[in-house]
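Enquirer: What follows is the file protein29.cif, containing mmCIF, C-alpha atoms:
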```cif
data_start
#
loop_
_atom_site.group_PDB
_atom_site.id
_atom_site.type_symbol
_atom_site.label_atom_id
_atom_site.label_comp_id
_atom_site.auth_asym_id
_atom_site.auth_seq_id
_atom_site.Cartn_x
_atom_site.Cartn_y
_atom_site.Cartn_z
ATOM 1 C CA MET W 305 0.000 0.000 0.000
ATOM 2 C CA ASP W 306 1.364 3.422 -0.937
ATOM 3 C CA PRO W 307 2.643 5.771 1.787
ATOM 4 C CA LEU W 308 0.276 8.566 2.847
ATOM 5 C CA ALA W 309 2.820 11.275 1.975
ATOM 6 C CA THR W 310 5.805 11.651 -0.342
ATOM 7 C CA PRO W 311 9.382 12.960 -0.083
ATOM 8 C CA ASP W 312 8.177 16.012 -2.027
ATOM 9 C CA ASP W 313 5.657 16.681 0.765
ATOM 10 C CA LEU W 314 8.526 16.593 3.262
ATOM 11 C CA ALA W 315 10.624 18.959 1.148
ATOM 12 C CA ALA W 316 7.709 21.381 0.826
ATOM 13 C CA ARG W 317 7.458 21.591 4.607
ATOM 14 C CA LEU W 318 11.208 21.972 5.051
ATOM 15 C CA GLY W 319 11.394 24.696 2.416
ATOM 16 C CA ARG W 320 14.347 22.971 0.775
ATOM 17 C CA ASP W 321 15.297 19.771 -1.005
ATOM 18 C CA LEU W 322 16.099 16.756 1.122
ATOM 19 C CA THR W 323 19.787 16.074 1.598
ATOM 20 C CA ALA W 324 21.168 12.817 0.239
ATOM 21 C CA GLU W 325 21.150 11.312 3.744
ATOM 22 C CA GLU W 326 17.581 12.461 4.425
ATOM 23 C CA ALA W 327 16.385 11.167 1.055
ATOM 24 C CA SER W 328 17.945 7.758 1.742
ATOM 25 C CA ARG W 329 15.763 7.379 4.865
ATOM 26 C CA ALA W 330 12.620 9.233 3.811
ATOM 27 C CA GLU W 331 10.811 6.418 1.977
ATOM 28 C CA ALA W 332 11.198 3.925 4.829
ATOM 29 C CA LEU W 333 10.154 6.480 7.441
ATOM 30 C CA LEU W 334 7.101 7.459 5.383
ATOM 31 C CA ARG W 335 6.076 3.799 5.166
ATOM 32 C CA ASP W 336 6.486 3.452 8.927
ATOM 33 C CA ALA W 337 4.442 6.582 9.649
ATOM 34 C CA SER W 338 1.730 5.474 7.224
ATOM 35 C CA ALA W 339 1.520 2.049 8.866
ATOM 36 C CA LEU W 340 1.111 3.633 12.298
ATOM 37 C CA ILE W 341 -1.591 6.002 11.038
ATOM 38 C CA ARG W 342 -3.492 3.222 9.283
ATOM 39 C CA GLY W 343 -3.178 0.967 12.304
ATOM 40 C CA TRP W 344 -4.508 3.578 14.720
ATOM 41 C CA THR W 345 -7.336 4.897 12.548
ATOM 42 C CA ARG W 346 -8.156 1.455 11.038
ATOM 43 C CA GLN W 347 -8.488 3.232 7.686
ATOM 44 C CA ASP W 348 -6.622 2.656 4.402
ATOM 45 C CA PHE W 349 -7.315 6.206 3.055
ATOM 46 C CA THR W 350 -6.135 5.317 -0.459
ATOM 47 C CA ALA W 351 -8.835 4.467 -3.013
ATOM 48 C CA GLY W 352 -9.440 0.770 -3.536
ATOM 49 C CA GLU W 353 -11.872 -2.132 -3.409
ATOM 50 C CA SER W 354 -12.319 -4.526 -0.495
ATOM 51 C CA THR W 355 -14.274 -7.689 0.156
ATOM 52 C CA VAL W 356 -15.145 -8.234 3.817
ATOM 53 C CA VAL W 357 -17.201 -10.830 5.663
ATOM 54 C CA LEU W 358 -19.408 -9.155 8.264
ATOM 55 C CA ARG W 359 -22.085 -10.027 10.775
ATOM 56 C CA PRO W 360 -24.938 -7.516 10.997
ATOM 57 C CA VAL W 361 -26.239 -5.631 13.979
ATOM 58 C CA GLY W 362 -29.959 -6.221 13.571
ATOM 59 C CA THR W 363 -30.416 -6.060 9.811
ATOM 60 C CA VAL W 364 -27.566 -3.645 9.132
ATOM 61 C CA VAL W 365 -23.922 -4.206 8.295
ATOM 62 C CA ARG W 366 -21.626 -1.215 8.682
ATOM 63 C CA LEU W 367 -18.731 -1.070 6.238
ATOM 64 C CA PRO W 368 -15.365 -0.446 7.909
ATOM 65 C CA GLN W 369 -13.474 1.598 5.290
ATOM 66 C CA ARG W 370 -14.558 5.189 4.642
ATOM 67 C CA PRO W 371 -15.655 6.980 2.622
ATOM 68 C CA VAL W 372 -17.663 4.305 0.818
ATOM 69 C CA GLN W 373 -17.897 5.130 -2.891
ATOM 70 C CA ALA W 374 -20.041 2.207 -4.086
ATOM 71 C CA VAL W 375 -21.281 -1.218 -2.984
ATOM 72 C CA THR W 376 -20.748 -3.817 -5.686
ATOM 73 C CA SER W 377 -22.250 -6.986 -4.222
ATOM 74 C CA VAL W 378 -23.717 -8.569 -1.101
ATOM 75 C CA VAL W 379 -23.494 -12.343 -0.667
ATOM 76 C CA ALA W 380 -25.236 -14.365 2.033
ATOM 77 C CA VAL W 381 -22.712 -16.908 3.337
ATOM 78 C CA GLY W 382 -24.136 -20.421 3.515
ATOM 79 C CA GLY W 383 -21.150 -22.035 5.121
ATOM 80 C CA SER W 384 -21.493 -25.560 3.677
ATOM 81 C CA ASP W 385 -21.783 -27.519 0.439
ATOM 82 C CA ALA W 386 -25.447 -28.244 1.211
ATOM 83 C CA ILE W 387 -26.212 -24.560 1.709
ATOM 84 C CA PRO W 388 -24.004 -22.663 -0.745
ATOM 85 C CA ASP W 389 -23.338 -18.942 -0.714
ATOM 86 C CA ILE W 390 -25.895 -16.884 -2.608
ATOM 87 C CA ALA W 391 -25.500 -13.440 -4.150
ATOM 88 C CA LEU W 392 -28.407 -11.246 -3.142
ATOM 89 C CA PRO W 393 -30.180 -9.477 -6.017
ATOM 90 C CA THR W 394 -30.388 -5.696 -6.122
ATOM 91 C CA GLY W 395 -33.762 -5.796 -4.365
ATOM 92 C CA GLY W 396 -32.274 -7.866 -1.552
ATOM 93 C CA TRP W 397 -30.284 -5.074 0.058
ATOM 94 C CA THR W 398 -30.006 -1.301 0.125
ATOM 95 C CA TRP W 399 -27.014 0.971 0.634
ATOM 96 C CA ASP W 400 -27.667 4.236 2.489
ATOM 97 C CA GLY W 401 -25.093 6.173 0.433
ATOM 98 C CA ALA W 402 -22.792 6.417 3.445
ATOM 99 C CA ASP W 403 -21.460 3.350 5.263
ATOM 100 C CA LYS W 404 -24.449 1.091 5.975
ATOM 101 C CA VAL W 405 -26.034 -1.770 4.044
ATOM 102 C CA ASP W 406 -29.511 -2.918 5.108
ATOM 103 C CA ILE W 407 -30.229 -6.563 4.332
ATOM 104 C CA TRP W 408 -33.998 -6.223 4.859
ATOM 105 C CA PRO W 409 -35.364 -3.529 2.537
ATOM 106 C CA PRO W 410 -39.117 -2.783 2.346
ATOM 107 C CA ASP W 411 -39.490 -4.798 -0.882
ATOM 108 C CA THR W 412 -39.091 -8.493 0.031
ATOM 109 C CA SER W 413 -40.562 -9.992 -3.157
ATOM 110 C CA TRP W 414 -37.086 -11.188 -4.150
ATOM 111 C CA LEU W 415 -37.247 -13.781 -1.345
ATOM 112 C CA LEU W 416 -39.465 -15.921 -3.575
ATOM 113 C CA SER W 417 -36.519 -16.543 -5.887
ATOM 114 C CA LEU W 418 -34.258 -18.008 -3.199
ATOM 115 C CA PRO W 419 -33.107 -21.631 -3.646
ATOM 116 C CA GLU W 420 -35.147 -24.166 -1.684
ATOM 117 C CA THR W 421 -32.135 -25.006 0.520
ATOM 118 C CA TRP W 422 -32.296 -21.464 1.894
ATOM 119 C CA ALA W 423 -36.009 -21.388 2.625
ATOM 120 C CA ASP W 424 -35.913 -22.732 6.179
ATOM 121 C CA ARG W 425 -32.857 -20.865 7.370
ATOM 122 C CA TRP W 426 -33.094 -17.433 5.768
ATOM 123 C CA GLY W 427 -34.123 -15.662 8.943
ATOM 124 C CA SER W 428 -31.098 -17.082 10.753
ATOM 125 C CA VAL W 429 -28.462 -15.976 8.223
ATOM 126 C CA ASP W 430 -25.920 -13.956 10.173
ATOM 127 C CA THR W 431 -22.909 -13.570 7.865
ATOM 128 C CA TYR W 432 -22.567 -11.603 4.640
ATOM 129 C CA ARG W 433 -19.708 -11.033 2.237
ATOM 130 C CA VAL W 434 -19.731 -7.472 0.925
ATOM 131 C CA THR W 435 -17.605 -6.088 -1.891
ATOM 132 C CA TYR W 436 -17.333 -2.302 -1.989
ATOM 133 C CA GLN W 437 -15.203 0.595 -3.218
ATOM 134 C CA HIS W 438 -13.828 3.127 -0.761
ATOM 135 C CA GLY W 439 -11.196 5.730 0.014
ATOM 136 C CA TRP W 440 -10.034 9.078 -1.336
ATOM 137 C CA ASP W 441 -8.544 9.757 -4.756
ATOM 138 C CA GLU W 442 -6.260 12.237 -2.942
ATOM 139 C CA ILE W 443 -5.148 11.713 0.654
ATOM 140 C CA PRO W 444 -6.752 14.352 2.943
ATOM 141 C CA ASP W 445 -4.457 17.271 3.705
ATOM 142 C CA ASP W 446 -4.552 16.774 7.473
ATOM 143 C CA VAL W 447 -3.509 13.124 7.098
ATOM 144 C CA VAL W 448 -0.574 14.149 4.884
ATOM 145 C CA ALA W 449 0.365 16.812 7.433
ATOM 146 C CA VAL W 450 0.446 14.327 10.326
ATOM 147 C CA ALA W 451 2.459 11.788 8.328
ATOM 148 C CA CYS W 452 5.012 14.472 7.435
ATOM 149 C CA ALA W 453 5.222 15.736 11.024
ATOM 150 C CA MET W 454 5.882 12.229 12.310
ATOM 151 C CA VAL W 455 8.655 11.671 9.779
ATOM 152 C CA LEU W 456 10.300 15.079 10.132
ATOM 153 C CA ARG W 457 10.591 14.714 13.909
ATOM 154 C CA THR W 458 12.703 11.623 13.281
ATOM 155 C CA LEU W 459 14.456 12.761 10.119
ATOM 156 C CA LEU W 460 15.671 15.965 11.789
ATOM 157 C CA ALA W 461 16.440 14.422 15.188
ATOM 158 C CA PRO W 462 19.905 15.527 16.368
ATOM 159 C CA SER W 463 20.718 11.982 17.510
ATOM 160 C CA PRO W 464 19.521 8.488 16.507
ATOM 161 C CA VAL W 465 19.531 7.573 20.221
ATOM 162 C CA ALA W 466 16.048 8.028 21.672
ATOM 163 C CA GLY W 467 15.879 10.235 24.756
ATOM 164 C CA MET W 468 19.397 11.625 24.448
ATOM 165 C CA VAL W 469 19.658 15.239 25.609
ATOM 166 C CA SER W 470 23.408 15.732 25.719
ATOM 167 C CA GLU W 471 26.563 13.937 24.640
ATOM 168 C CA ARG W 472 30.186 14.011 25.791
ATOM 169 C CA ILE W 473 33.063 13.752 23.325
ATOM 170 C CA GLY W 474 36.430 13.839 25.040
ATOM 171 C CA GLN W 475 36.475 16.798 27.403
ATOM 172 C CA TYR W 476 33.551 18.482 25.710
ATOM 173 C CA ASN W 477 29.888 18.104 26.670
ATOM 174 C CA TYR W 478 27.207 19.619 24.500
ATOM 175 C CA GLN W 479 23.424 19.703 24.621
ATOM 176 C CA LEU W 480 21.551 18.188 21.673
ATOM 177 C CA GLN W 481 18.071 19.513 22.312
ATOM 178 C CA GLN W 482 15.831 21.007 24.940
ATOM 179 C CA GLY W 483 13.115 19.050 26.703
ATOM 180 C CA THR W 484 12.721 15.289 26.855
ATOM 181 C CA GLY W 485 15.491 14.493 24.406
ATOM 182 C CA SER W 486 15.930 13.180 20.901
ATOM 183 C CA VAL W 487 13.085 11.131 19.410
ATOM 184 C CA GLY W 488 15.668 8.734 17.989
ATOM 185 C CA ALA W 489 15.614 6.780 14.738
ATOM 186 C CA THR W 490 12.080 5.370 15.032
ATOM 187 C CA VAL W 491 8.908 7.107 13.873
ATOM 188 C CA LEU W 492 6.497 7.653 16.754
ATOM 189 C CA MET W 493 2.867 8.779 16.960
ATOM 190 C CA THR W 494 2.238 11.389 19.645
ATOM 191 C CA GLN W 495 -1.014 12.326 21.350
ATOM 192 C CA PRO W 496 -1.307 15.527 19.253
ATOM 193 C CA ASP W 497 -1.001 13.310 16.151
ATOM 194 C CA ARG W 498 -3.846 11.127 17.432
ATOM 195 C CA ASP W 499 -5.944 14.177 18.245
ATOM 196 C CA ALA W 500 -5.484 15.479 14.695
ATOM 197 C CA LEU W 501 -6.578 12.109 13.248
ATOM 198 C CA ALA W 502 -9.377 11.370 15.728
ATOM 199 C CA ARG W 503 -12.182 12.134 13.278
ATOM 200 C CA TYR W 504 -10.962 9.346 10.988
ATOM 201 C CA ARG W 505 -10.673 6.670 13.670
ATOM 202 C CA ARG W 506 -13.168 3.861 13.121
ATOM 203 C CA THR W 507 -14.885 2.281 16.067
ATOM 204 C CA ALA W 508 -16.254 -1.218 15.471
ATOM 205 C CA THR W 509 -20.050 -1.459 15.289
ATOM 206 C CA THR W 510 -20.235 -4.551 13.077
ATOM 207 C CA ILE W 511 -18.317 -7.766 13.717
ATOM 208 C CA GLN W 512 -15.870 -8.603 10.953
ATOM 209 C CA ALA W 513 -15.796 -12.381 10.724
ATOM 210 C CA ARG W 514 -12.830 -12.686 8.363
ATOM 211 C CA ALA W 515 -11.262 -10.963 5.384
#
```
Could you show the structure in this file as structure tokens?

Expert:
Amino acid sequence: MDPLATPDDLAARLGRDLTAEEASRAEALLRDASALIRGWTRQDFTAGESTVVLRPVGTVVRLPQRPVQAVTSVVAVGGSDAIPDIALPTGGWTWDGADKVDIWPPDTSWLLSLPETWADRWGSVDTYRVTYQHGWDEIPDDVVAVACAMVLRTLLAPSPVAGMVSERIGQYNYQLQQGTGSVGATVLMTQPDRDALARYRRTATTIQARA
């Protein structure tokens, strides 16, 4: 999956080109920052298509990746050779245009076309496989900004040793930075980063059975 920001985004915030040493580390640090952001928000951000297996709350399944651009298919999972999976027709589900798919729309005439093997168990179906398109064509500016901030704190750290405030060389002792010390060589997510991304963080309201 592509990083959420680019070396050019870093250079734009620095107001200069990256040095050769900075450029050699930038791609890896951007991947690390992007992984942390995606892990915390539970969002991919980049545009794509996913197929997820979900259990509904009531009659509704809530799709995990936002924003949802389109729902392609909804399949009721049978779970055995005797009761195979069945793709629900268009009249068998409705998408609210946001992030929810309702399995029980007002028009239930499509139920008459179900295979006989499904007739006795339809009301107990609790797992659906949904294919949908989601994400942004361009990564939101605030997400890019956080990714760059995370990387630049590390890229510009005066020492690769986390927490170091001062260093002694021979008879000389000099201070590297004020405060809690160098962030070191590893990209970290701070509480201000989380606060800036809080509106994207997904909280689970539908059980995801498996990918």

Enquirer: Just checking: using only C-alpha atoms, which residue out of W:Ala402, W:Ala327, W:Met493, W:Ala461 ends up closest to W:Ala339?

Expert: W:Met493

Enquirer: When you draw a straight line from atom CA of W:Ala391 to atom CA of W:Phe349, how long is it in Å?

Expert: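 About the pair atom CA of W:Ala391 and atom CA of W:Phe349: they are 27.7 Å apart.
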
Enquirer: Between W:Glu331, W:Asp348, W:Asp389, W:Asp336, single out the one closest to W:Tyr432, counting all atoms listed in the file.

Expert: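 When distances to W:Tyr432 are compared using all atoms listed in the file, the smallest one comes from W:Asp389.
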
Enquirer: Go ahead and find all residues with at least one atom no further than 7 Å from (2.2, 8.6, 4.2) in the file's coordinates, using only C-alpha atoms; report them as a PDB file with C-alpha atoms, keeping the file's coordinate frame.

Expert:
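So the final result, stored in selection_14.pdb, reads:
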```pdb
ATOM      1  CA  PRO W 307       2.643   5.771   1.787  1.00  0.00           C
ATOM      2  CA  LEU W 308       0.276   8.566   2.847  1.00  0.00           C
ATOM      3  CA  ALA W 309       2.820  11.275   1.975  1.00  0.00           C
ATOM      4  CA  THR W 310       5.805  11.651  -0.342  1.00  0.00           C
ATOM      5  CA  LEU W 334       7.101   7.459   5.383  1.00  0.00           C
ATOM      6  CA  ARG W 335       6.076   3.799   5.166  1.00  0.00           C
ATOM      7  CA  ALA W 337       4.442   6.582   9.649  1.00  0.00           C
ATOM      8  CA  SER W 338       1.730   5.474   7.224  1.00  0.00           C
ATOM      9  CA  VAL W 448      -0.574  14.149   4.884  1.00  0.00           C
ATOM     10  CA  ALA W 451       2.459  11.788   8.328  1.00  0.00           C
TER      11      ALA W 451
END
```

Enquirer: If the box runs along x, y and z of the file and leaves 6 Å on each side of stretch 456-460 of chain W, what are its centre and edge lengths in Å, one decimal, as AutoDock Vina command-line options?

Expert:
```
--center_x 13.0 --center_y 13.8 --center_z 12.0 --size_x 17.4 --size_y 16.3 --size_z 15.8
```

Enquirer: Taking the file above as input, evaluate the PyMOL selection byres ((chain W and resi 442) around 9) and report the hits as number ranges by chain.

Expert: W: 349-351, 439-441, 443-445

Enquirer: For this file, the PyMOL selection byres ((chain W and resi 390) around 9) selects which residues, as a list in words?

Expert: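 Against this file, the PyMOL selection byres ((chain W and resi 390) around 9) returns the residues Val378, Val379, Ala380, Val381, Gly382, Ile387, Pro388, Asp389, Ala391, Leu392, Leu418 and Pro419 of chain W.
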
Enquirer: Quick one: which residues end up in the PyMOL selection byres ((chain W and resi 407) around 6) for this structure, as a short mmCIF file (atom, residue, chain, number, x, y, z; two decimals) with C-alpha atoms, in the coordinates of the input?

Expert:
```cif
data_model
loop_
_atom_site.label_atom_id
_atom_site.label_comp_id
_atom_site.auth_asym_id
_atom_site.auth_seq_id
_atom_site.Cartn_x
_atom_site.Cartn_y
_atom_site.Cartn_z
CA THR W 363 -30.42 -6.06 9.81
CA TRP W 397 -30.28 -5.07 0.06
CA ASP W 406 -29.51 -2.92 5.11
CA TRP W 408 -34.00 -6.22 4.86
#
```

Enquirer: Quick one: everything within 12 Å of W:Ala316, counting all atoms listed in the file, minus sequence neighbours fewer than 4 positions away in the same chain. Send it as a list in words.

Expert: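 Using all atoms listed in the file, the neighbours found are Ala309, Thr310, Pro311, Asp312, Arg320, Asp321, Leu322, Val448, Ala449, Cys452, Ala453 and Leu456 of chain W.
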
Enquirer: So the first atom is atom CA of W:Val361 and the second is atom CA of W:Gln373; what is the distance between them in Å, to one decimal place?

Expert: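 According to the coordinates, atom CA of W:Val361 and atom CA of W:Gln373 are separated by 21.7 Å.
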
Enquirer: Would you compute the distance between atom CA of W:Leu367 and atom CA of W:Thr398? Give it in Å to one decimal.

Expert: 12.8 Å

Enquirer: Which residue, W:His438, W:Pro360, W:Ala332, W:Leu314, has the smallest gap to W:Thr376 when you use only C-alpha atoms?

Expert: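 For W:Thr376, the nearest of the given residues is W:His438.
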
Enquirer: Looking at W:Val455, W:Glu326, W:Trp344, W:Pro368, which one is nearest to W:Arg505, with distances taken over all atoms listed in the file?

Expert: W:Trp344
